[in-house]
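What follows is a single structure, written as structure tokens, with notes after it.
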Amino acid sequence: MELTKWEFGFLMLVFGMGLTLTTLYVLTWVMRILTFLFKEKENSDAASKT
Amino acid sequence: MSGETIQTIFLGVFSGLTSLSWQAAVMILIGLILIYLGVKHEVEPLLLVPIGFGCILVNLPLTGIMGEEGLLRYFYEAGIITEIFPCLIFIGIGAMTDFTPLLQNPRVFLLGGAGQFGIFLTLLLALALGFDRLEAVCVGIIGACDGPTSIYVTSQFAPQLLGPVSVAAYSYMSLVPIIQPPLMRLVTSKKERIRIMEFYDGKPVSKTVRIIFPVAVTIVTILIAPLGAPLMGTLMLGNFLKECGVVERLSKAAQNEIANVVTLLLGLTIGATMNGEVFLTTKTLLIFVLGAIAIGGDTVAGIFLAKIMNLFCKEKINPLLGAAGISAFPMAARVAQTVGSQENPQNYLLMHAMGVNTGGQVGSVLAASIMLAVLKAMGVI
């Protein structure tokens, strides 16, 4: 792929920042799902032990 | 004994002194300054002391310590060229990091992404200033505000810049409390700075979530950016060792023995790359200027993303938190807390900022991994 240095820099900015933010957004949902799935169970485990 | 013989012996005995170039003398002075900053002012002493000492050692003439069979050359080739040192450091960092504040408030993870904007801004500026593409990438990575990541990327793509890039990265990490506050005040209003967020309530995060989190991050991020596997994999491995709770010895070893030994060798070896003739160039000066711009860019971008998020979110966040989305942990979180509490003593931002700051740690590694993936896709590497 032949790119000028400005095309290279611009593509790095767009893809680099874009993919970083998109991946982090995906991870926020992974975290929300994990917290949702495992919160109740842990609480009930703790309650059953007491 | 002839005068000529005496002169020969004299020159032989003092050959070190007579071989000292002005560049080496300046670098020895820089090494002494680094040691002074580390010892007297405790500026990143764990790194600046060995870096300063390595810098002095390599610039003392005729030692051959970084030569073909020199001691530091062995460390350099075994630990830096192979990228083993930064990866081992990441295991230690992962084992020392608690992601609980981030898991309690996942949306602030995005601020850890915005805190990487300086990388790409600096990359563009470096290109404009005449650095070639891979050099520009390595200069930009200073904006990750993350020493091991900078070393990992630079040792692969521009090893000739390893000394200035690593010293700039570590120096600016320690200068975060000086660089960030004026910028934070510049781009936020008083009304924004005094905004009190819901008090940190310490809502519990289950052990299961804390155990699955590093594994999930590893899988998701490496599927997207496979070339970042050594960085993200080791960071998350360290965190997994800490959270799984069954390998306490390994976790403690990662946090202490491994991290300490590797930090020593890494610092010494980075110092050994600071040879006067290579280091004292216009490029080094530019790298330091660009590094400062990178940290500034990270700070401002993080704050602006926080403002944008406030346009869409019901629960408003204090934009100062955006400045904590860099990898300098926990300095950036402390800075957000300090600036917030100076405006309003009732403002308690620290735990929120810790969440953003740990997000910045993951964000910096992720941004570097994605840069590698994009470079590979473009055929540059």
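Each chain in the structure tokens gets a letter, A, B and so on, in the order shown; residues start at 1 in every chain, and ligands are counted from 1 in the order they appear.
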Contact set, chain A to chain B: 8 Å, only C-alpha atoms, as a PyMOL selection string
chain A and resi 1+5-6+9-10+12-13+15-17+19-21+23-25+27-32+34-35+38-39+42
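Every protein, DNA or RNA residue with an atom at most 12 Å from Leu62 of chain B, where only C-alpha atoms count and chain neighbours fewer than 5 positions away do not, is listed here: Gly12, Val13, Phe14, Ser15, Gly16, Leu17, Thr18, Ser19, Leu20, Ser21, Ala24, Leu57, Gly67 and Gly70 of chain B.
Here the question is which of B:Gly38, B:Phe53, B:Pro330, B:Ala25 gets nearest to Leu264 of chain B using only C-alpha atoms, and that residue is B:Phe53.
In terms of minimum interatomic distance to Lys203 of chain B, B:Thr100 ranks closest within B:Asn357, B:Thr63, B:Thr100, B:Ser174, counting only C-alpha atoms.
Residues surrounding Asn318 of chain B within 7 Å are Glu192, Arg193, Arg195 and Met197 of chain B [only C-alpha atoms; sequence separation below 6 positions excluded].
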Would you put the residues from that selection into a file with N, CA and C atoms, as a PDB file, in the first residue's frame?
ATOM      1  N   GLU B 192     -17.637  23.237  36.270  1.00  0.00           N
ATOM      2  CA  GLU B 192     -17.364  21.819  35.976  1.00  0.00           C
ATOM      3  C   GLU B 192     -16.438  21.209  37.030  1.00  0.00           C
ATOM      4  N   ARG B 193     -15.454  21.999  37.437  1.00  0.00           N
ATOM      5  CA  ARG B 193     -14.463  21.447  38.373  1.00  0.00           C
ATOM      6  C   ARG B 193     -15.042  21.183  39.756  1.00  0.00           C
ATOM      7  N   ARG B 195     -18.012  20.165  40.330  1.00  0.00           N
ATOM      8  CA  ARG B 195     -19.106  19.187  40.275  1.00  0.00           C
ATOM      9  C   ARG B 195     -18.809  17.984  41.174  1.00  0.00           C
ATOM     10  N   MET B 197     -19.482  14.339  42.271  1.00  0.00           N
ATOM     11  CA  MET B 197     -20.069  13.097  41.756  1.00  0.00           C
ATOM     12  C   MET B 197     -20.644  12.322  42.927  1.00  0.00           C
TER      13      MET B 197
END
